[in-house]
$ cat upload_0.cif   # mmCIF, C-alpha atoms and all ligand atoms
data_structure
#
loop_
_atom_site.group_PDB
_atom_site.id
_atom_site.type_symbol
_atom_site.label_atom_id
_atom_site.label_comp_id
_atom_site.auth_asym_id
_atom_site.auth_seq_id
_atom_site.Cartn_x
_atom_site.Cartn_y
_atom_site.Cartn_z
ATOM 1 C CA MET U 413 -59.646 -2.080 -2.155
ATOM 2 C CA ASN U 414 -59.299 -5.598 -0.787
ATOM 3 C CA TYR U 415 -62.088 -5.607 1.789
ATOM 4 C CA ARG U 416 -65.121 -7.691 0.816
ATOM 5 C CA HIS U 417 -67.930 -7.845 3.316
ATOM 6 C CA ALA U 418 -68.946 -11.315 2.040
ATOM 7 C CA PHE U 419 -66.211 -12.792 4.277
ATOM 8 C CA HIS U 420 -67.666 -11.170 7.394
ATOM 9 C CA ALA U 421 -71.431 -10.926 6.811
ATOM 10 C CA GLY U 422 -73.471 -12.038 9.799
ATOM 11 C CA ASN U 423 -70.576 -11.988 12.277
ATOM 12 C CA PHE U 424 -70.954 -10.735 15.863
ATOM 13 C CA ALA U 425 -70.347 -7.126 14.820
ATOM 14 C CA ASP U 426 -73.007 -7.321 12.106
ATOM 15 C CA VAL U 427 -75.521 -8.647 14.643
ATOM 16 C CA LEU U 428 -75.263 -5.573 16.864
ATOM 17 C CA LYS U 429 -74.983 -3.102 13.966
ATOM 18 C CA HIS U 430 -77.896 -4.574 12.044
ATOM 19 C CA ALA U 431 -80.164 -5.161 15.019
ATOM 20 C CA VAL U 432 -79.721 -1.491 16.001
ATOM 21 C CA LEU U 433 -80.240 -0.389 12.395
ATOM 22 C CA ALA U 434 -83.470 -2.380 12.189
ATOM 23 C CA ARG U 435 -84.752 -0.872 15.444
ATOM 24 C CA ILE U 436 -84.063 2.653 14.174
ATOM 25 C CA LEU U 437 -85.940 1.909 10.938
ATOM 26 C CA ASP U 438 -88.802 0.448 12.926
ATOM 27 C CA TYR U 439 -89.095 3.734 14.841
ATOM 28 C CA LEU U 440 -88.906 5.789 11.650
ATOM 29 C CA SER U 441 -91.756 3.699 10.198
ATOM 30 C CA ARG U 442 -94.089 4.584 13.048
ATOM 31 C CA LYS U 443 -94.952 7.860 11.279
ATOM 32 C CA ASP U 444 -96.656 7.675 7.893
ATOM 33 C CA ALA U 445 -94.415 10.308 6.317
ATOM 34 C CA GLY U 446 -91.749 8.812 4.071
ATOM 35 C CA TYR U 447 -88.091 8.833 5.058
ATOM 36 C CA ARG U 448 -84.810 8.360 3.209
ATOM 37 C CA VAL U 449 -81.949 6.009 4.007
ATOM 38 C CA ILE U 450 -78.519 7.042 2.759
ATOM 39 C CA ASP U 451 -75.976 4.222 3.060
ATOM 40 C CA SER U 452 -72.508 5.493 2.105
ATOM 41 C CA HIS U 453 -70.606 2.162 2.208
ATOM 42 C CA ALA U 454 -73.368 -0.273 1.322
ATOM 43 C CA GLY U 455 -71.668 -3.543 0.280
ATOM 44 C CA ILE U 456 -73.596 -5.934 -1.996
ATOM 45 C CA GLY U 457 -76.844 -5.877 -0.016
ATOM 46 C CA LEU U 458 -77.526 -9.592 0.413
ATOM 47 C CA TYR U 459 -75.070 -12.371 1.334
ATOM 48 C CA ASP U 460 -75.195 -16.119 0.750
ATOM 49 C CA LEU U 461 -74.049 -17.872 3.939
ATOM 50 C CA ALA U 462 -73.173 -20.967 1.911
ATOM 51 C CA ALA U 463 -70.922 -19.029 -0.500
ATOM 52 C CA GLU U 464 -67.179 -19.696 -0.641
ATOM 53 C CA GLU U 465 -66.328 -16.441 1.166
ATOM 54 C CA ALA U 466 -68.673 -17.135 4.083
ATOM 55 C CA LEU U 467 -67.537 -20.751 4.372
ATOM 56 C CA LYS U 468 -63.898 -19.711 4.357
ATOM 57 C CA THR U 469 -64.099 -17.641 7.556
ATOM 58 C CA GLY U 470 -67.207 -19.161 9.134
ATOM 59 C CA GLU U 471 -67.577 -15.830 10.966
ATOM 60 C CA TRP U 472 -71.364 -15.861 10.707
ATOM 61 C CA GLN U 473 -71.453 -18.935 12.941
ATOM 62 C CA GLY U 474 -70.241 -16.772 15.837
ATOM 63 C CA GLY U 475 -72.931 -14.165 15.048
ATOM 64 C CA VAL U 476 -76.258 -14.808 13.373
ATOM 65 C CA GLY U 477 -75.648 -18.579 13.702
ATOM 66 C CA ARG U 478 -75.587 -18.347 17.492
ATOM 67 C CA ILE U 479 -78.729 -16.214 17.565
ATOM 68 C CA GLN U 480 -80.550 -18.675 15.356
ATOM 69 C CA ALA U 481 -79.574 -21.625 17.538
ATOM 70 C CA ALA U 482 -80.363 -19.957 20.882
ATOM 71 C CA ARG U 483 -83.444 -19.864 23.052
ATOM 72 C CA LEU U 484 -83.922 -16.144 23.440
ATOM 73 C CA SER U 485 -85.637 -14.475 26.384
ATOM 74 C CA PRO U 486 -88.862 -12.582 25.574
ATOM 75 C CA ALA U 487 -86.998 -9.276 26.131
ATOM 76 C CA LEU U 488 -84.212 -10.108 23.663
ATOM 77 C CA THR U 489 -86.707 -11.558 21.179
ATOM 78 C CA ASP U 490 -88.581 -8.279 21.335
ATOM 79 C CA TRP U 491 -85.422 -6.174 20.937
ATOM 80 C CA LEU U 492 -84.256 -8.257 17.960
ATOM 81 C CA ALA U 493 -87.728 -8.400 16.377
ATOM 82 C CA PRO U 494 -87.215 -5.834 13.561
ATOM 83 C CA TRP U 495 -83.902 -7.447 12.511
ATOM 84 C CA LEU U 496 -85.443 -10.944 12.677
ATOM 85 C CA THR U 497 -88.324 -9.672 10.541
ATOM 86 C CA ALA U 498 -85.817 -8.573 7.880
ATOM 87 C CA LEU U 499 -83.986 -11.929 8.092
ATOM 88 C CA ARG U 500 -87.255 -13.828 7.669
ATOM 89 C CA ALA U 501 -88.333 -11.563 4.808
ATOM 90 C CA VAL U 502 -85.223 -12.216 2.685
ATOM 91 C CA ASN U 503 -85.233 -15.943 3.517
ATOM 92 C CA GLY U 504 -88.962 -16.520 3.174
ATOM 93 C CA GLY U 505 -88.982 -18.178 6.604
ATOM 94 C CA ASP U 506 -86.877 -19.214 9.595
ATOM 95 C CA ASP U 507 -84.078 -20.994 7.749
ATOM 96 C CA PHE U 508 -81.436 -18.300 7.422
ATOM 97 C CA LEU U 509 -79.385 -19.162 4.315
ATOM 98 C CA LEU U 510 -79.215 -15.577 3.146
ATOM 99 C CA TYR U 511 -77.975 -12.741 5.306
ATOM 100 C CA PRO U 512 -79.291 -9.223 4.640
ATOM 101 C CA GLY U 513 -76.720 -6.435 4.775
ATOM 102 C CA SER U 514 -77.684 -2.874 5.614
ATOM 103 C CA PRO U 515 -79.412 -2.169 2.250
ATOM 104 C CA ALA U 516 -81.528 -5.341 2.329
ATOM 105 C CA ILE U 517 -82.498 -4.756 5.959
ATOM 106 C CA ALA U 518 -83.589 -1.237 5.058
ATOM 107 C CA THR U 519 -85.651 -2.204 2.029
ATOM 108 C CA ALA U 520 -87.157 -5.260 3.758
ATOM 109 C CA LEU U 521 -88.490 -2.992 6.518
ATOM 110 C CA GLY U 522 -89.357 -0.077 4.245
ATOM 111 C CA ARG U 523 -92.611 1.083 2.756
ATOM 112 C CA LEU U 524 -93.709 2.404 -0.634
ATOM 113 C CA GLN U 525 -93.236 6.006 0.483
ATOM 114 C CA ASP U 526 -89.606 5.497 1.648
ATOM 115 C CA ARG U 527 -86.525 6.156 -0.509
ATOM 116 C CA TYR U 528 -83.010 4.736 -0.545
ATOM 117 C CA HIS U 529 -79.644 5.958 -1.740
ATOM 118 C CA PHE U 530 -77.093 3.159 -1.536
ATOM 119 C CA ASN U 531 -73.475 3.816 -2.425
ATOM 120 C CA GLU U 532 -70.679 1.302 -2.962
ATOM 121 C CA LEU U 533 -67.255 2.093 -4.431
ATOM 122 C CA HIS U 534 -65.953 -1.412 -5.240
ATOM 123 C CA PRO U 535 -66.857 -1.972 -8.930
ATOM 124 C CA GLN U 536 -67.851 -5.626 -8.532
ATOM 125 C CA ASP U 537 -69.851 -5.010 -5.359
ATOM 126 C CA PHE U 538 -71.472 -1.965 -6.976
ATOM 127 C CA ALA U 539 -72.540 -4.213 -9.883
ATOM 128 C CA SER U 540 -74.025 -6.808 -7.492
ATOM 129 C CA LEU U 541 -75.855 -4.127 -5.512
ATOM 130 C CA SER U 542 -77.201 -2.502 -8.690
ATOM 131 C CA ALA U 543 -78.448 -5.878 -9.954
ATOM 132 C CA LEU U 544 -80.187 -6.586 -6.638
ATOM 133 C CA TYR U 545 -82.158 -3.341 -6.878
ATOM 134 C CA ALA U 546 -82.657 -3.155 -10.639
ATOM 135 C CA GLY U 547 -86.439 -3.495 -10.284
ATOM 136 C CA ASP U 548 -86.961 -1.367 -7.178
ATOM 137 C CA ARG U 549 -88.004 2.168 -8.070
ATOM 138 C CA ARG U 550 -87.484 3.377 -4.498
ATOM 139 C CA VAL U 551 -83.729 2.757 -4.747
ATOM 140 C CA ARG U 552 -80.834 4.711 -6.321
ATOM 141 C CA VAL U 553 -77.386 3.119 -6.341
ATOM 142 C CA GLY U 554 -74.191 5.197 -6.594
ATOM 143 C CA SER U 555 -70.506 4.338 -6.901
ATOM 144 C CA GLU U 556 -68.538 7.295 -5.591
ATOM 145 C CA ASP U 557 -66.470 7.754 -2.448
ATOM 146 C CA GLY U 558 -68.860 7.294 0.479
ATOM 147 C CA TYR U 559 -67.871 10.531 2.191
ATOM 148 C CA VAL U 560 -68.745 12.461 -0.970
ATOM 149 C CA THR U 561 -72.165 10.784 -0.803
ATOM 150 C CA VAL U 562 -72.736 11.998 2.760
ATOM 151 C CA ARG U 563 -72.112 15.586 1.689
ATOM 152 C CA ALA U 564 -73.907 15.394 -1.668
ATOM 153 C CA GLN U 565 -77.099 13.638 -0.483
ATOM 154 C CA LEU U 566 -77.793 15.790 2.580
ATOM 155 C CA PRO U 567 -80.272 17.087 3.438
ATOM 156 C CA PRO U 568 -82.669 14.569 1.874
ATOM 157 C CA HIS U 569 -85.796 15.859 0.205
ATOM 158 C CA GLU U 570 -87.980 14.131 2.842
ATOM 159 C CA ARG U 571 -86.145 15.876 5.765
ATOM 160 C CA ARG U 572 -86.528 12.629 7.702
ATOM 161 C CA GLY U 573 -84.255 9.684 7.652
ATOM 162 C CA LEU U 574 -81.080 7.867 8.460
ATOM 163 C CA VAL U 575 -77.489 8.115 7.260
ATOM 164 C CA ILE U 576 -75.353 4.976 7.656
ATOM 165 C CA VAL U 577 -71.561 5.203 7.455
ATOM 166 C CA ASP U 578 -69.849 1.815 7.610
ATOM 167 C CA PRO U 579 -66.377 1.952 6.045
ATOM 168 C CA PRO U 580 -63.949 -0.970 5.757
ATOM 169 C CA PHE U 581 -61.059 0.545 7.794
ATOM 170 C CA GLU U 582 -58.554 -0.544 5.160
ATOM 171 C CA GLU U 583 -56.676 2.714 4.947
ATOM 172 C CA ALA U 584 -55.172 4.970 7.593
ATOM 173 C CA GLY U 585 -57.173 8.031 8.577
ATOM 174 C CA GLU U 586 -60.652 6.404 8.604
ATOM 175 C CA PHE U 587 -61.525 7.801 12.049
ATOM 176 C CA ASP U 588 -60.592 11.311 10.845
ATOM 177 C CA ARG U 589 -62.769 10.930 7.749
ATOM 178 C CA MET U 590 -65.645 9.607 9.879
ATOM 179 C CA LEU U 591 -65.328 12.509 12.272
ATOM 180 C CA ARG U 592 -65.581 14.959 9.374
ATOM 181 C CA ALA U 593 -68.688 13.060 8.239
ATOM 182 C CA VAL U 594 -70.247 13.526 11.703
ATOM 183 C CA HIS U 595 -69.669 17.280 11.479
ATOM 184 C CA ASP U 596 -70.877 17.406 7.844
ATOM 185 C CA ALA U 597 -74.055 15.509 8.717
ATOM 186 C CA ARG U 598 -74.728 17.750 11.708
ATOM 187 C CA LYS U 599 -74.320 20.860 9.544
ATOM 188 C CA ARG U 600 -76.477 19.635 6.634
ATOM 189 C CA PHE U 601 -79.095 17.439 8.332
ATOM 190 C CA ALA U 602 -79.105 18.390 12.010
ATOM 191 C CA THR U 603 -82.352 16.570 12.815
ATOM 192 C CA GLY U 604 -81.523 13.373 10.941
ATOM 193 C CA CYS U 605 -80.431 10.149 12.501
ATOM 194 C CA LEU U 606 -76.800 9.203 11.825
ATOM 195 C CA MET U 607 -75.285 5.807 12.506
ATOM 196 C CA ILE U 608 -71.548 5.176 12.207
ATOM 197 C CA TRP U 609 -69.843 1.817 12.757
ATOM 198 C CA TYR U 610 -66.342 1.551 14.209
ATOM 199 C CA PRO U 611 -63.983 -1.269 15.193
ATOM 200 C CA ILE U 612 -62.592 -1.354 18.725
ATOM 201 C CA LYS U 613 -58.946 -2.096 17.998
ATOM 202 C CA ASP U 614 -57.062 1.141 18.595
ATOM 203 C CA ILE U 615 -58.765 2.213 21.819
ATOM 204 C CA ALA U 616 -57.106 5.658 21.925
ATOM 205 C CA ALA U 617 -58.351 6.358 18.378
ATOM 206 C CA VAL U 618 -61.890 5.352 19.393
ATOM 207 C CA ASP U 619 -61.759 7.711 22.392
ATOM 208 C CA THR U 620 -60.545 10.602 20.221
ATOM 209 C CA PHE U 621 -63.277 9.905 17.675
ATOM 210 C CA LEU U 622 -66.060 9.792 20.272
ATOM 211 C CA LYS U 623 -64.796 12.960 21.940
ATOM 212 C CA GLY U 624 -64.642 14.752 18.579
ATOM 213 C CA ALA U 625 -68.124 13.504 17.669
ATOM 214 C CA SER U 626 -69.550 14.785 20.953
ATOM 215 C CA GLU U 627 -68.307 18.259 19.974
ATOM 216 C CA ALA U 628 -70.377 18.308 16.760
ATOM 217 C CA GLY U 629 -73.366 19.755 18.636
ATOM 218 C CA TYR U 630 -75.866 16.908 18.459
ATOM 219 C CA PRO U 631 -78.195 17.198 21.458
ATOM 220 C CA ARG U 632 -78.600 13.416 21.571
ATOM 221 C CA LEU U 633 -75.633 11.173 20.888
ATOM 222 C CA ILE U 634 -74.992 7.635 22.078
ATOM 223 C CA ALA U 635 -72.597 4.791 21.320
ATOM 224 C CA ILE U 636 -73.322 1.093 21.750
ATOM 225 C CA GLU U 637 -70.264 -1.138 22.029
ATOM 226 C CA GLN U 638 -69.738 -4.855 22.316
ATOM 227 C CA TRP U 639 -66.630 -7.006 22.491
ATOM 228 C CA VAL U 640 -66.499 -10.810 22.412
ATOM 229 C CA ARG U 641 -62.922 -11.021 23.724
ATOM 230 C CA GLU U 642 -60.639 -8.426 25.245
ATOM 231 C CA PRO U 643 -60.582 -5.635 22.621
ATOM 232 C CA GLY U 644 -57.464 -3.861 21.344
ATOM 233 C CA GLY U 645 -54.437 -5.124 19.483
ATOM 234 C CA ASP U 646 -53.915 -6.315 15.935
ATOM 235 C CA GLY U 647 -55.571 -9.771 15.982
ATOM 236 C CA PRO U 648 -58.990 -10.595 14.542
ATOM 237 C CA LEU U 649 -61.711 -8.100 15.362
ATOM 238 C CA ALA U 650 -62.726 -8.525 19.013
ATOM 239 C CA GLY U 651 -65.060 -5.580 19.476
ATOM 240 C CA ALA U 652 -67.058 -2.943 17.633
ATOM 241 C CA GLY U 653 -69.395 -0.074 18.265
ATOM 242 C CA VAL U 654 -72.028 2.074 16.637
ATOM 243 C CA LEU U 655 -72.247 5.797 17.215
ATOM 244 C CA ILE U 656 -75.786 7.108 16.827
ATOM 245 C CA ALA U 657 -76.758 10.753 16.579
ATOM 246 C CA ASN U 658 -80.418 11.624 17.193
ATOM 247 C CA PRO U 659 -81.274 8.053 18.222
ATOM 248 C CA PRO U 660 -84.873 7.082 18.952
ATOM 249 C CA PHE U 661 -85.576 8.267 22.517
ATOM 250 C CA THR U 662 -85.836 4.804 24.055
ATOM 251 C CA LEU U 663 -82.938 3.126 22.226
ATOM 252 C CA ALA U 664 -80.242 3.613 24.891
ATOM 253 C CA ASP U 665 -82.326 2.263 27.784
ATOM 254 C CA GLU U 666 -83.837 -0.685 25.947
ATOM 255 C CA THR U 667 -80.476 -1.713 24.491
ATOM 256 C CA GLU U 668 -78.779 -1.470 27.873
ATOM 257 C CA ALA U 669 -81.388 -3.869 29.252
ATOM 258 C CA ILE U 670 -80.657 -6.674 26.749
ATOM 259 C CA LEU U 671 -76.863 -6.289 26.361
ATOM 260 C CA PRO U 672 -75.944 -8.755 29.143
ATOM 261 C CA GLU U 673 -77.928 -11.533 27.452
ATOM 262 C CA LEU U 674 -76.592 -10.637 24.002
ATOM 263 C CA THR U 675 -73.061 -10.721 25.394
ATOM 264 C CA ARG U 676 -73.637 -14.142 26.977
ATOM 265 C CA LEU U 677 -74.777 -15.389 23.569
ATOM 266 C CA LEU U 678 -72.028 -13.872 21.435
ATOM 267 C CA GLY U 679 -69.119 -13.731 23.906
ATOM 268 C CA GLU U 680 -66.129 -16.014 23.374
ATOM 269 C CA ASP U 681 -64.575 -15.820 26.829
ATOM 270 C CA GLU U 682 -65.005 -14.162 30.216
ATOM 271 C CA GLU U 683 -63.541 -10.883 28.912
ATOM 272 C CA ALA U 684 -66.615 -10.346 26.710
ATOM 273 C CA GLY U 685 -68.702 -7.289 27.527
ATOM 274 C CA ALA U 686 -70.841 -4.465 26.235
ATOM 275 C CA ARG U 687 -71.946 -0.972 27.168
ATOM 276 C CA VAL U 688 -74.029 2.011 26.162
ATOM 277 C CA LEU U 689 -72.275 5.391 26.274
ATOM 278 C CA ARG U 690 -74.377 8.513 26.600
ATOM 279 C CA LEU U 691 -72.246 11.163 24.916
ATOM 280 C CA ALA U 692 -74.631 14.109 25.031
ATOM 281 C CA GLU U 693 -76.757 15.515 27.830
ATOM 282 C CA ASP U 694 -80.183 14.831 26.436
ATOM 283 C CA VAL U 695 -80.208 10.985 26.299
HETATM 284 C C1 LIG N 701 -68.192 -2.919 6.072
HETATM 285 S S1 LIG N 701 -68.620 -3.002 4.402
HETATM 286 C C2 LIG N 701 -70.253 -2.418 4.352
HETATM 287 C C3 LIG N 701 -71.280 -3.341 4.876
HETATM 288 C C4 LIG N 701 -72.694 -2.843 4.794
HETATM 289 N N1 LIG N 701 -72.823 -1.480 5.286
HETATM 290 C C5 LIG N 701 -73.626 -3.730 5.597
HETATM 291 O O1 LIG N 701 -73.841 -3.461 6.785
HETATM 292 O O2 LIG N 701 -74.144 -4.674 5.025
HETATM 293 C C6 LIG N 701 -67.746 -1.637 3.717
HETATM 294 C C7 LIG N 701 -67.977 -1.453 2.203
HETATM 295 O O3 LIG N 701 -67.379 -0.204 1.794
HETATM 296 C C8 LIG N 701 -66.880 -0.348 0.481
HETATM 297 N N2 LIG N 701 -65.912 0.749 0.291
HETATM 298 C C9 LIG N 701 -64.587 0.761 0.491
HETATM 299 N N3 LIG N 701 -64.096 2.003 0.327
HETATM 300 C C10 LIG N 701 -65.162 2.798 0.011
HETATM 301 C C11 LIG N 701 -65.313 4.185 -0.245
HETATM 302 N N4 LIG N 701 -64.264 5.033 -0.208
HETATM 303 N N5 LIG N 701 -66.550 4.650 -0.504
HETATM 304 C C12 LIG N 701 -67.623 3.817 -0.534
HETATM 305 N N6 LIG N 701 -67.542 2.495 -0.297
HETATM 306 C C13 LIG N 701 -66.328 1.993 -0.030
HETATM 307 C C14 LIG N 701 -66.298 -1.739 0.494
HETATM 308 O O4 LIG N 701 -66.178 -2.234 -0.836
HETATM 309 C C15 LIG N 701 -67.315 -2.507 1.329
HETATM 310 O O5 LIG N 701 -68.297 -3.101 0.534
#
$ encode --input "upload_0.cif" --output "structure tokens"
Amino acid sequence: MNYRHAFHAGNFADVLKHAVLARILDYLSRKDAGYRVIDSHAGIGLYDLAAEEALKTGEWQGGVGRIQAARLSPALTDWLAPWLTALRAVNGGDDFLLYPGSPAIATALGRLQDRYHFNELHPQDFASLSALYAGDRRVRVGSEDGYVTVRAQLPPHERRGLVIVDPPFEEAGEFDRMLRAVHDARKRFATGCLMIWYPIKDIAAVDTFLKGASEAGYPRLIAIEQWVREPGGDGPLAGAGVLIANPPFTLADETEAILPELTRLLGEDEEAGARVLRLAEDV
């Protein structure tokens, strides 16, 4: 296990993933009933953008750094609002020195009645995550294989909520394991929202994954993809996507509307682009 998210936190792929995550949580919070967030590959929760790892790659400068420096249109400001709320909450203001990962975004936007199961396999990262949430009674932290978590924690007691699967893609077969997780989640928590992150490197593998996911039987299934250079090949990550089962009803349309501006902000050359794929009928 060599992957450490501290080197990548706040990069272009995190911006899209986390902004979408925050929007989903915002929708879930519109009903008073509590929900549960199950995050199978959670990382350490909160990242210091001045830490050695972040300084070494500087990746955040091409992601959250660009957003912070930009003049955003009212439409993009509105779309990013839940994520920006989480960023402001962990930083105590507009100076973003800390970057919230998926757990910290979830808990920053959560309420007393919501519950969290965060799982992280790396022993050191598990220790950091556990320390971050030591005083938060809403949170349980586990340290097993993330795909075991997806099976073991579903369905959640609340019968409402979100499952996040965000693996490091260090070992072969990740797309196959993710596809099994899609089918497991559909079987155990058919009405729940599921969000899975994937890199756009091996384009044929992405196509096979999305096709397999669309056969799981979710009535509403979308994918949101963005690439900052031409994707594909073995170089640094150029593109990424999130697959979302049972997304909020308006997510596809409202995201499609702001993607051109987000791509202008995050793109590195004229090959940059983005799209929303509607993979099931009912979206
Ligand atoms: C991409 S990072 C997660 C980032 C986090 N979801 C976020 O958005 O802030 C992937 C994490 O998965 C952890 N990991 C690697 N293999 C795992 C496994 N089999 N089960 C659970 N976690 C694993 C890594 O240590 C790493 O922290």
$ closest_atom_pairs --input "upload_0.cif" --of "stretch 569-670 of chain U" --to "stretch 486-504 of chain U" --cutoff "12 Å" --atoms "only C-alpha atoms" --output "tab-separated table"
residue	atom	partner	partner_atom	distance
U:Thr662	CA	U:Trp491	CA	11.4
U:Leu663	CA	U:Trp491	CA	9.7
U:Ala664	CA	U:Trp491	CA	11.8
U:Asp665	CA	U:Trp491	CA	11.3
U:Glu666	CA	U:Trp491	CA	7.6
U:Thr667	CA	U:Trp491	CA	7.5
U:Glu668	CA	U:Trp491	CA	10.7
U:Ala669	CA	U:Ala487	CA	8.4
U:Ile670	CA	U:Leu488	CA	5.8
$ residues_near_ligand --input "upload_0.cif" --ligand "ligand LIG 701 (chain N)" --cutoff "8 Å" --atoms "all atoms listed in the file" --output "PyMOL selection string"
chain U and resi 413-417+421+426+429-430+451-458+512-516+531-534+537+555-559+576-580+582
$ axis_aligned_box --input "upload_0.cif" --around "stretch 641-659 of chain U" --padding-each-side "5 Å" --output "JSON"
{"center_x": -67.6, "center_y": 0.3, "center_z": 19.9, "size_x": 37.4, "size_y": 32.6, "size_z": 20.7}
$ resolve_selection --input "upload_0.cif" --expression "the PyMOL selection byres (((chain U and resi 677-683) around 8) and not hetatm)" --output "PDB file with C-alpha atoms, keeping the file's coordinate frame"
ATOM      1  CA  PHE U 424     -70.954 -10.735  15.863  1.00  0.00           C
ATOM      2  CA  GLY U 474     -70.241 -16.772  15.837  1.00  0.00           C
ATOM      3  CA  GLY U 475     -72.931 -14.165  15.048  1.00  0.00           C
ATOM      4  CA  ARG U 478     -75.587 -18.347  17.492  1.00  0.00           C
ATOM      5  CA  ILE U 479     -78.729 -16.214  17.565  1.00  0.00           C
ATOM      6  CA  ALA U 482     -80.363 -19.957  20.882  1.00  0.00           C
ATOM      7  CA  TRP U 639     -66.630  -7.006  22.491  1.00  0.00           C
ATOM      8  CA  VAL U 640     -66.499 -10.810  22.412  1.00  0.00           C
ATOM      9  CA  ARG U 641     -62.922 -11.021  23.724  1.00  0.00           C
ATOM     10  CA  GLU U 642     -60.639  -8.426  25.245  1.00  0.00           C
ATOM     11  CA  GLU U 673     -77.928 -11.533  27.452  1.00  0.00           C
ATOM     12  CA  LEU U 674     -76.592 -10.637  24.002  1.00  0.00           C
ATOM     13  CA  THR U 675     -73.061 -10.721  25.394  1.00  0.00           C
ATOM     14  CA  ARG U 676     -73.637 -14.142  26.977  1.00  0.00           C
ATOM     15  CA  ALA U 684     -66.615 -10.346  26.710  1.00  0.00           C
ATOM     16  CA  GLY U 685     -68.702  -7.289  27.527  1.00  0.00           C
TER      17      GLY U 685
END
$ atom_distance --input "upload_0.cif" --atom1 "atom CA of U:Met607" --atom2 "atom CA of U:Arg448"
13.6 Å
$ closest_residue --input "upload_0.cif" --among "U:His569, U:Lys613, U:Arg632, U:Lys468" --to "U:Gly645" --atoms "only C-alpha atoms"
U:Lys613
$ resolve_selection --input "upload_0.cif" --expression "the PyMOL selection byres (((chain U and resi 587-604) around 9) and not hetatm)" --output "tab-separated table (two decimals) with C-alpha atoms, in the frame of the given file"
chain	number	residue	atom	x	y	z
U	559	TYR	CA	-67.87	10.53	2.19
U	562	VAL	CA	-72.74	12.00	2.76
U	563	ARG	CA	-72.11	15.59	1.69
U	566	LEU	CA	-77.79	15.79	2.58
U	567	PRO	CA	-80.27	17.09	3.44
U	568	PRO	CA	-82.67	14.57	1.87
U	571	ARG	CA	-86.14	15.88	5.76
U	572	ARG	CA	-86.53	12.63	7.70
U	573	GLY	CA	-84.26	9.68	7.65
U	574	LEU	CA	-81.08	7.87	8.46
U	575	VAL	CA	-77.49	8.12	7.26
U	577	VAL	CA	-71.56	5.20	7.46
U	579	PRO	CA	-66.38	1.95	6.04
U	581	PHE	CA	-61.06	0.55	7.79
U	584	ALA	CA	-55.17	4.97	7.59
U	585	GLY	CA	-57.17	8.03	8.58
U	586	GLU	CA	-60.65	6.40	8.60
U	605	CYS	CA	-80.43	10.15	12.50
U	606	LEU	CA	-76.80	9.20	11.82
U	608	ILE	CA	-71.55	5.18	12.21
U	610	TYR	CA	-66.34	1.55	14.21
U	617	ALA	CA	-58.35	6.36	18.38
U	618	VAL	CA	-61.89	5.35	19.39
U	620	THR	CA	-60.54	10.60	20.22
U	621	PHE	CA	-63.28	9.90	17.68
U	622	LEU	CA	-66.06	9.79	20.27
U	624	GLY	CA	-64.64	14.75	18.58
U	625	ALA	CA	-68.12	13.50	17.67
U	627	GLU	CA	-68.31	18.26	19.97
U	628	ALA	CA	-70.38	18.31	16.76
U	629	GLY	CA	-73.37	19.76	18.64
U	630	TYR	CA	-75.87	16.91	18.46
U	657	ALA	CA	-76.76	10.75	16.58
U	658	ASN	CA	-80.42	11.62	17.19
$ residues_around --input "upload_0.cif" --residues "U:Asp614" --least-positions-apart "2" --cutoff "9 Å" --atoms "all atoms listed in the file" --output "PyMOL selection string"
chain U and resi 611-612+616-619+643-646
$ build_atoms --input "upload_0.cif" --residues "stretch 606-612 of chain U" --atoms "N, CA, C and O atoms" --output "PDB file, in the coordinates of the input"
ATOM      1  N   LEU U 606     -78.077   9.582  12.440  1.00  0.00           N
ATOM      2  CA  LEU U 606     -76.800   9.203  11.825  1.00  0.00           C
ATOM      3  C   LEU U 606     -76.259   8.016  12.593  1.00  0.00           C
ATOM      4  O   LEU U 606     -76.246   8.021  13.831  1.00  0.00           O
ATOM      5  N   MET U 607     -75.816   7.010  11.856  1.00  0.00           N
ATOM      6  CA  MET U 607     -75.285   5.807  12.506  1.00  0.00           C
ATOM      7  C   MET U 607     -73.933   5.498  11.890  1.00  0.00           C
ATOM      8  O   MET U 607     -73.823   5.347  10.669  1.00  0.00           O
ATOM      9  N   ILE U 608     -72.901   5.426  12.716  1.00  0.00           N
ATOM     10  CA  ILE U 608     -71.548   5.176  12.207  1.00  0.00           C
ATOM     11  C   ILE U 608     -70.954   3.971  12.934  1.00  0.00           C
ATOM     12  O   ILE U 608     -70.932   3.936  14.169  1.00  0.00           O
ATOM     13  N   TRP U 609     -70.446   3.023  12.172  1.00  0.00           N
ATOM     14  CA  TRP U 609     -69.843   1.817  12.757  1.00  0.00           C
ATOM     15  C   TRP U 609     -68.340   2.030  12.952  1.00  0.00           C
ATOM     16  O   TRP U 609     -67.691   2.657  12.116  1.00  0.00           O
ATOM     17  N   TYR U 610     -67.809   1.489  14.036  1.00  0.00           N
ATOM     18  CA  TYR U 610     -66.342   1.551  14.209  1.00  0.00           C
ATOM     19  C   TYR U 610     -65.830   0.284  14.892  1.00  0.00           C
ATOM     20  O   TYR U 610     -66.514  -0.306  15.733  1.00  0.00           O
ATOM     21  N   PRO U 611     -64.603  -0.116  14.530  1.00  0.00           N
ATOM     22  CA  PRO U 611     -63.983  -1.269  15.193  1.00  0.00           C
ATOM     23  C   PRO U 611     -63.341  -0.817  16.493  1.00  0.00           C
ATOM     24  O   PRO U 611     -62.878   0.329  16.595  1.00  0.00           O
ATOM     25  N   ILE U 612     -63.328  -1.688  17.496  1.00  0.00           N
ATOM     26  CA  ILE U 612     -62.592  -1.354  18.725  1.00  0.00           C
ATOM     27  C   ILE U 612     -61.281  -2.140  18.681  1.00  0.00           C
ATOM     28  O   ILE U 612     -61.211  -3.293  19.097  1.00  0.00           O
TER      29      ILE U 612
END
